[in-house]
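Have a look at protein09.csv below; it lists CSV, C-alpha atoms and all ligand atoms.
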chain,number,residue,atom,x,y,z
A,1,MET,CA,0.0,0.0,0.0
A,2,SER,CA,1.7,3.2,-1.1
A,3,ALA,CA,1.9,5.9,1.6
A,4,HIS,CA,0.5,8.8,-0.5
A,5,VAL,CA,-3.0,7.3,-0.5
A,6,VAL,CA,-3.2,7.2,3.3
A,7,LYS,CA,-6.0,9.4,4.7
A,8,LEU,CA,-6.4,11.0,8.1
A,9,ALA,CA,-9.6,11.1,10.0
A,10,PRO,CA,-9.3,13.1,13.2
A,11,SER,CA,-11.7,11.8,15.9
A,12,ILE,CA,-13.5,14.7,17.7
A,13,LEU,CA,-13.9,12.6,20.8
A,14,ALA,CA,-10.6,14.0,22.0
A,15,ALA,CA,-11.4,17.6,20.9
A,16,ASP,CA,-12.4,20.4,23.3
A,17,PHE,CA,-16.2,20.3,23.0
A,18,ALA,CA,-16.5,23.9,24.2
A,19,ARG,CA,-14.9,25.0,20.9
A,20,LEU,CA,-15.7,22.1,18.6
A,21,GLY,CA,-16.2,24.2,15.4
A,22,GLU,CA,-12.8,25.8,15.8
A,23,GLN,CA,-11.1,22.4,16.5
A,24,VAL,CA,-12.7,20.9,13.3
A,25,ALA,CA,-11.6,24.0,11.3
A,26,GLU,CA,-8.0,23.5,12.6
A,27,ALA,CA,-8.1,19.9,11.6
A,28,GLU,CA,-9.4,20.9,8.1
A,29,ARG,CA,-6.6,23.5,7.7
A,30,ALA,CA,-4.1,20.9,8.7
A,31,GLY,CA,-5.1,18.6,5.9
A,32,ALA,CA,-7.7,16.2,7.5
A,33,ASP,CA,-9.5,14.1,4.9
A,34,ARG,CA,-12.7,13.6,6.9
A,35,ILE,CA,-14.0,14.1,10.4
A,36,HIS,CA,-14.6,11.0,12.5
A,37,VAL,CA,-17.6,11.3,14.9
A,38,ASP,CA,-17.8,8.8,17.7
A,39,VAL,CA,-21.4,8.1,18.8
A,40,MET,CA,-21.8,6.2,22.1
A,41,ASP,CA,-24.9,5.3,23.9
A,42,GLY,CA,-23.8,3.8,27.3
A,43,HIS,CA,-25.2,0.4,26.2
A,44,PHE,CA,-23.2,-1.0,23.3
A,45,VAL,CA,-20.2,0.6,25.0
A,46,PRO,CA,-19.7,1.8,28.6
A,47,ASN,CA,-19.6,5.5,27.7
A,48,ILE,CA,-21.9,8.2,26.4
A,49,SER,CA,-20.8,10.8,23.8
A,50,ILE,CA,-22.7,12.7,21.2
A,51,GLY,CA,-25.7,12.3,18.8
A,52,PRO,CA,-27.2,13.7,15.6
A,53,VAL,CA,-27.6,17.3,17.0
A,54,VAL,CA,-23.8,17.7,17.0
A,55,VAL,CA,-23.5,16.3,13.5
A,56,LYS,CA,-26.2,18.9,12.4
A,57,SER,CA,-24.2,21.7,14.1
A,58,LEU,CA,-20.9,20.6,12.5
A,59,ARG,CA,-22.4,20.2,9.0
A,60,PRO,CA,-22.3,23.9,8.0
A,61,VAL,CA,-18.8,24.6,9.6
A,62,THR,CA,-16.7,22.2,7.5
A,63,ARG,CA,-16.4,21.1,3.9
A,64,LEU,CA,-15.0,17.8,5.0
A,65,PRO,CA,-17.1,14.6,5.0
A,66,LEU,CA,-18.5,13.7,8.4
A,67,GLU,CA,-18.0,10.0,9.2
A,68,CYS,CA,-20.3,8.7,11.9
A,69,HIS,CA,-19.0,5.7,13.9
A,70,LEU,CA,-22.1,4.3,15.6
A,71,MET,CA,-21.3,2.5,18.9
A,72,ILE,CA,-24.9,2.1,19.8
A,73,ALA,CA,-27.4,-0.7,20.4
A,74,ASP,CA,-30.0,-1.1,17.7
A,75,PRO,CA,-28.4,1.2,15.2
A,76,ASP,CA,-31.3,0.8,12.7
A,77,LEU,CA,-33.4,3.1,14.8
A,78,TYR,CA,-31.0,6.1,14.3
A,79,LEU,CA,-29.7,5.7,10.7
A,80,ASP,CA,-32.3,8.1,9.3
A,81,ASP,CA,-31.5,10.7,12.0
A,82,PHE,CA,-27.8,10.7,11.3
A,83,ALA,CA,-28.4,10.8,7.5
A,84,ALA,CA,-30.8,13.8,8.0
A,85,ALA,CA,-28.3,15.5,10.3
A,86,GLY,CA,-25.7,15.5,7.5
A,87,ALA,CA,-23.6,12.4,7.9
A,88,ASP,CA,-21.7,11.5,4.7
A,89,SER,CA,-20.9,8.0,5.8
A,90,ILE,CA,-22.4,5.7,8.5
A,91,LEU,CA,-20.4,3.0,10.1
A,92,VAL,CA,-22.1,0.2,12.1
A,93,HIS,CA,-20.6,-2.6,14.2
A,94,GLN,CA,-20.9,-6.1,13.0
A,95,GLU,CA,-21.4,-7.1,16.7
A,96,GLY,CA,-24.3,-4.7,17.2
A,97,ALA,CA,-26.3,-5.3,14.1
A,98,ILE,CA,-28.5,-8.3,14.3
A,99,ASN,CA,-29.6,-8.1,10.7
A,100,LEU,CA,-26.3,-6.7,9.4
A,101,HIS,CA,-27.2,-7.0,5.7
A,102,ARG,CA,-30.4,-5.2,6.1
A,103,THR,CA,-28.7,-2.4,8.1
A,104,LEU,CA,-26.1,-1.9,5.4
A,105,GLN,CA,-28.8,-1.8,2.7
A,106,HIS,CA,-30.6,0.8,4.7
A,107,ILE,CA,-27.5,3.0,4.8
A,108,ARG,CA,-27.1,2.5,1.1
A,109,LYS,CA,-30.7,3.5,0.4
A,110,LEU,CA,-30.2,6.7,2.4
A,111,GLY,CA,-27.4,7.6,-0.2
A,112,LYS,CA,-24.6,7.5,2.4
A,113,ARG,CA,-21.3,5.7,2.2
A,114,VAL,CA,-21.5,2.3,4.0
A,115,GLY,CA,-19.1,1.1,6.6
A,116,VAL,CA,-18.8,-2.0,8.7
A,117,VAL,CA,-16.8,-2.1,12.0
A,118,VAL,CA,-15.2,-5.1,13.7
A,119,ASN,CA,-14.0,-5.2,17.3
A,120,PRO,CA,-10.6,-6.6,18.3
A,121,ALA,CA,-12.1,-10.0,19.2
A,122,THR,CA,-14.1,-10.4,16.0
A,123,PRO,CA,-12.5,-12.4,13.3
A,124,ALA,CA,-12.0,-11.2,9.7
A,125,VAL,CA,-14.2,-14.0,8.4
A,126,VAL,CA,-17.4,-12.4,9.5
A,127,LEU,CA,-16.9,-9.8,6.7
A,128,GLN,CA,-16.9,-12.3,3.9
A,129,GLU,CA,-20.6,-12.1,3.1
A,130,VAL,CA,-20.9,-8.3,3.3
A,131,LEU,CA,-17.6,-7.1,1.9
A,132,ALA,CA,-19.2,-6.5,-1.6
A,133,ASP,CA,-21.8,-4.3,0.0
A,134,VAL,CA,-19.6,-1.8,1.8
A,135,ASP,CA,-17.3,1.1,0.9
A,136,LEU,CA,-15.3,0.9,4.1
A,137,VAL,CA,-14.1,-1.6,6.7
A,138,LEU,CA,-13.1,-0.2,10.1
A,139,VAL,CA,-10.9,-2.4,12.2
A,140,MET,CA,-11.0,-1.4,15.9
A,141,THR,CA,-7.4,-1.5,17.2
A,142,VAL,CA,-8.7,-0.9,20.8
A,143,ASN,CA,-11.9,-2.0,22.4
A,144,PRO,CA,-14.5,0.6,21.6
A,145,GLY,CA,-15.8,3.1,24.2
A,146,PHE,CA,-12.9,5.4,25.1
A,147,GLY,CA,-10.2,7.5,23.6
A,148,GLY,CA,-6.6,7.4,24.8
A,149,GLN,CA,-6.3,3.6,25.0
A,150,GLN,CA,-3.3,1.5,24.1
A,151,PHE,CA,-3.1,0.1,20.6
A,152,ILE,CA,-3.7,-3.7,20.5
A,153,ALA,CA,-0.9,-5.1,18.3
A,154,SER,CA,-2.6,-8.5,17.9
A,155,THR,CA,-5.0,-6.8,15.5
A,156,LEU,CA,-2.2,-6.4,12.9
A,157,PRO,CA,-2.5,-9.9,11.3
A,158,LYS,CA,-6.3,-9.4,11.0
A,159,ILE,CA,-5.7,-6.1,9.2
A,160,ARG,CA,-3.4,-8.0,6.8
A,161,ARG,CA,-6.1,-10.7,6.2
A,162,ILE,CA,-8.8,-8.1,5.6
A,163,ARG,CA,-6.5,-6.3,3.1
A,164,GLN,CA,-6.2,-9.6,1.2
A,165,MET,CA,-9.9,-10.1,1.2
A,166,ILE,CA,-10.5,-6.6,0.0
A,167,GLU,CA,-8.0,-7.0,-2.9
A,168,GLN,CA,-9.8,-10.2,-4.0
A,169,VAL,CA,-13.4,-9.0,-3.5
A,170,LYS,CA,-13.6,-5.2,-3.7
A,171,PRO,CA,-10.3,-3.4,-4.4
A,172,GLY,CA,-11.9,0.0,-4.0
A,173,CYS,CA,-13.0,-0.6,-0.4
A,174,GLU,CA,-11.2,1.5,2.2
A,175,LEU,CA,-9.5,-0.1,5.2
A,176,GLU,CA,-9.6,2.1,8.2
A,177,VAL,CA,-8.1,1.6,11.7
A,178,ASP,CA,-9.3,3.2,14.9
A,179,GLY,CA,-7.8,3.3,18.4
A,180,GLY,CA,-4.4,4.1,19.8
A,181,ILE,CA,-3.2,5.4,16.4
A,182,ASP,CA,-0.1,7.7,16.7
A,183,ALA,CA,3.2,8.2,14.8
A,184,HIS,CA,4.5,5.0,16.3
A,185,THR,CA,1.5,2.7,15.5
A,186,ALA,CA,0.3,4.3,12.3
A,187,PRO,CA,3.1,2.9,10.1
A,188,GLN,CA,2.5,-0.6,11.5
A,189,THR,CA,-1.1,-0.5,10.4
A,190,VAL,CA,-0.3,1.0,7.0
A,191,GLN,CA,2.2,-1.7,6.4
A,192,ALA,CA,-0.5,-4.2,7.3
A,193,GLY,CA,-2.7,-2.6,4.7
A,194,ALA,CA,-4.7,0.2,6.3
A,195,ASN,CA,-5.3,3.3,4.2
A,196,VAL,CA,-7.4,5.5,6.5
A,197,LEU,CA,-6.2,6.4,10.0
A,198,VAL,CA,-8.5,7.6,12.8
A,199,ALA,CA,-6.7,9.4,15.5
A,200,GLY,CA,-8.2,11.3,18.5
A,201,SER,CA,-5.7,11.9,21.3
A,202,ALA,CA,-2.7,11.9,18.9
A,203,VAL,CA,-4.3,14.9,17.0
A,204,PHE,CA,-6.4,16.9,19.6
A,205,GLY,CA,-4.4,15.9,22.7
A,206,ASP,CA,-1.0,17.1,21.3
A,207,LYS,CA,0.7,19.9,23.3
A,208,GLU,CA,2.1,21.4,20.1
A,209,GLY,CA,-1.4,21.7,18.6
A,210,VAL,CA,-3.5,20.1,15.9
A,211,GLY,CA,-1.4,21.2,12.9
A,212,ALA,CA,1.9,19.9,14.3
A,213,ALA,CA,0.3,16.7,15.4
A,214,MET,CA,-1.2,16.0,12.0
A,215,GLN,CA,2.1,16.7,10.3
A,216,ARG,CA,3.9,14.2,12.5
A,217,LEU,CA,1.2,11.6,11.8
A,218,LYS,CA,1.4,12.2,8.1
A,219,ALA,CA,5.3,12.1,8.1
A,220,SER,CA,5.2,8.7,10.0
A,221,VAL,CA,3.5,7.0,7.1
A,222,VAL,CA,5.5,8.5,4.2
B,1,LIG,C1,-13.0,4.6,20.5
B,1,LIG,C2,-13.3,5.4,19.3
B,1,LIG,C3,-12.1,6.1,18.7
B,1,LIG,C4,-11.4,7.0,19.6
B,1,LIG,C5,-10.0,7.0,19.3
B,1,LIG,O1,-14.1,3.8,20.8
B,1,LIG,O2,-13.9,4.7,18.3
B,1,LIG,O3,-12.5,6.8,17.5
B,1,LIG,O4,-11.8,8.4,19.5
B,1,LIG,O5,-9.3,7.7,20.2
B,1,LIG,P1,-7.7,7.6,20.3
B,1,LIG,O6,-7.1,8.0,19.0
B,1,LIG,O7,-7.4,8.5,21.4
B,1,LIG,O8,-7.4,6.1,20.6
B,2,ZN,ZN,-14.3,5.7,16.3

Could you spell out this file's structure in structure tokens?
Amino acid sequence: MSAHVVKLAPSILAADFARLGEQVAEAERAGADRIHVDVMDGHFVPNISIGPVVVKSLRPVTRLPLECHLMIADPDLYLDDFAAAGADSILVHQEGAINLHRTLQHIRKLGKRVGVVVNPATPAVVLQEVLADVDLVLVMTVNPGFGGQQFIASTLPKIRRIRQMIEQVKPGCELEVDGGIDAHTAPQTVQAGANVLVAGSAVFGDKEGVGAAMQRLKASVV
């Protein structure tokens, strides 16, 4: 996977919510490719974050695509709301969607980019029957629910396997990684086949600021 195609998706979970618009603008100026929005409901994951109202407020303040990562029970109930709020892509967990195929078709019908997410303990093989229907696979490299966790290195062989599956079944499908991604772990995931990097703490938690952090992250995968 050549480095120049690697995209950065800053996760606003680590941003200062009191000045969210500004932080998103900083990320956009620093060359972010999309904004990653972590939605948590306190059921599917043991944390609560944000919902469609925040997506709606962000929509007019950035030209970047808004990627909504739904870590919620029963995602089917909220797909229309996120689409209406201005999501450009909607990502659902394989583990949380009882009728995954139906859920993915629903997102497609809403005219949004379709993503499927797998947790660290979930094997690559569950993607086999849905890969042709998605635009993006997101591999969690931490257990979902919190920012600032340590990268789980045992996910690397799975990233490699999924990259092989993508090349065979749907070469245009993106392979994104999420959790504990920084200038040290990013190159390992890119080498394994990832081409989109989600980063929260490594972007918004950096002492030198968002711009410097993103430059460092980009430089690590060149
Ligand atoms: C975790 C979220 C991540 C999180 C990543 O459940 O899906 O997107 O914001 O945060 P960092 O980059 O700090 O691990
Ligand atoms: Zn996420």

Using all atoms listed in the file, which residue out of A:Pro52, A:Gly111, A:Pro46, A:Pro123 lies closest to ligand LIG 1 (chain B)?
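Using all atoms listed in the file, ligand LIG 1 (chain B) sits closest to A:Pro46.
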
Check the smallest atom-to-atom distance from each of A:Leu217, A:Leu197, A:Leu20, A:Ala124 to Asp33 in chain A using all atoms listed in the file, then report the winner.
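Answer, going by the shortest atom-to-atom distance: A:Leu197.
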
Kindly indicate which residue among A:Ala30, A:Ile159, A:Val198, A:Ile90 lies nearest to ligand ZN 2 (chain B), using all atoms listed in the file for the distances.
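Result for the nearest residue to ligand ZN 2 (chain B): A:Val198.
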
For Pro10 in chain A, which of A:Asp41, A:Glu129, A:Asp81, A:Asp178 is the closest residue, counting all atoms listed in the file?
A:Asp178

Output the neighbourhood of ligand ZN 2 (chain B) as a PyMOL selection string, that is, all protein and nucleic acid residues with some atom at most 9 Å from the ligand, counting all atoms listed in the file.
chain A and resi 11+13+36-39+68-71+138+140+144-147+177-179+198-200

Calculated over all atoms listed in the file, which of the candidates A:Ala18, A:Val92, A:Leu131, A:Val55 has the smallest distance to ligand LIG 1 (chain B)?
A:Val92

Looking at A:Val61, A:Ile72, A:Ala132, A:Leu79, which one is nearest to ligand LIG 1 (chain B), with distances taken over all atoms listed in the file?
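Of the candidates, the smallest distance to ligand LIG 1 (chain B) is held by A:Ile72.
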
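The two atoms in question, CA of Thr62 in chain A and CA of Gly209 in chain A, are spaced 18.9 Å apart.
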
When you draw a straight line from atom C5 of ligand LIG 1 (chain B) to CA of Ser201 in chain A, how long is it in Å?
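Value for the atom C5 of ligand LIG 1 (chain B)-CA of Ser201 in chain A distance: 6.8 Å.
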
Applying 7 Å and only C-alpha atoms, which residues near Arg34 in chain A remain after dropping the ones on its own chain fewer than 4 positions away? List them as number ranges by chain.
A: 8-9, 64-67

Who sits within 9 Å of range 192-194 of chain A, all atoms listed in the file, same chain under 3 positions skipped, as a PyMOL selection string:
chain A and resi 1+6+139+156-164+174-177+186-189+197

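Taking CA of Lys207 in chain A as the reference point, atom O5 of ligand LIG 1 (chain B) is found at 16.1 Å.
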
May I have the protein, DNA and RNA residues with an atom at most 10 Å from (-6.0, 18.9, 20.6), counting all atoms listed in the file in the file's coordinates, returned as a ChimeraX atom specification?
/A:10,12,14-16,23,26-27,200-211,213

Please work out which residues fall within 12 Å of (1.3, -5.9, 21.6), coordinates as given in the file, with only C-alpha atoms counting, and return them as a ChimeraX atom specification.
/A:141-142,150-157,180,185,188

Store the residues of this selection in a file with C-alpha atoms, as an mmCIF file, keeping the file's coordinate frame.
data_model
loop_
_atom_site.group_PDB
_atom_site.id
_atom_site.type_symbol
_atom_site.label_atom_id
_atom_site.label_comp_id
_atom_site.auth_asym_id
_atom_site.auth_seq_id
_atom_site.Cartn_x
_atom_site.Cartn_y
_atom_site.Cartn_z
ATOM 1 C CA THR A 141 -7.400 -1.500 17.200
ATOM 2 C CA VAL A 142 -8.700 -0.900 20.800
ATOM 3 C CA GLN A 150 -3.300 1.500 24.100
ATOM 4 C CA PHE A 151 -3.100 0.100 20.600
ATOM 5 C CA ILE A 152 -3.700 -3.700 20.500
ATOM 6 C CA ALA A 153 -0.900 -5.100 18.300
ATOM 7 C CA SER A 154 -2.600 -8.500 17.900
ATOM 8 C CA THR A 155 -5.000 -6.800 15.500
ATOM 9 C CA LEU A 156 -2.200 -6.400 12.900
ATOM 10 C CA PRO A 157 -2.500 -9.900 11.300
ATOM 11 C CA GLY A 180 -4.400 4.100 19.800
ATOM 12 C CA THR A 185 1.500 2.700 15.500
ATOM 13 C CA GLN A 188 2.500 -0.600 11.500
#
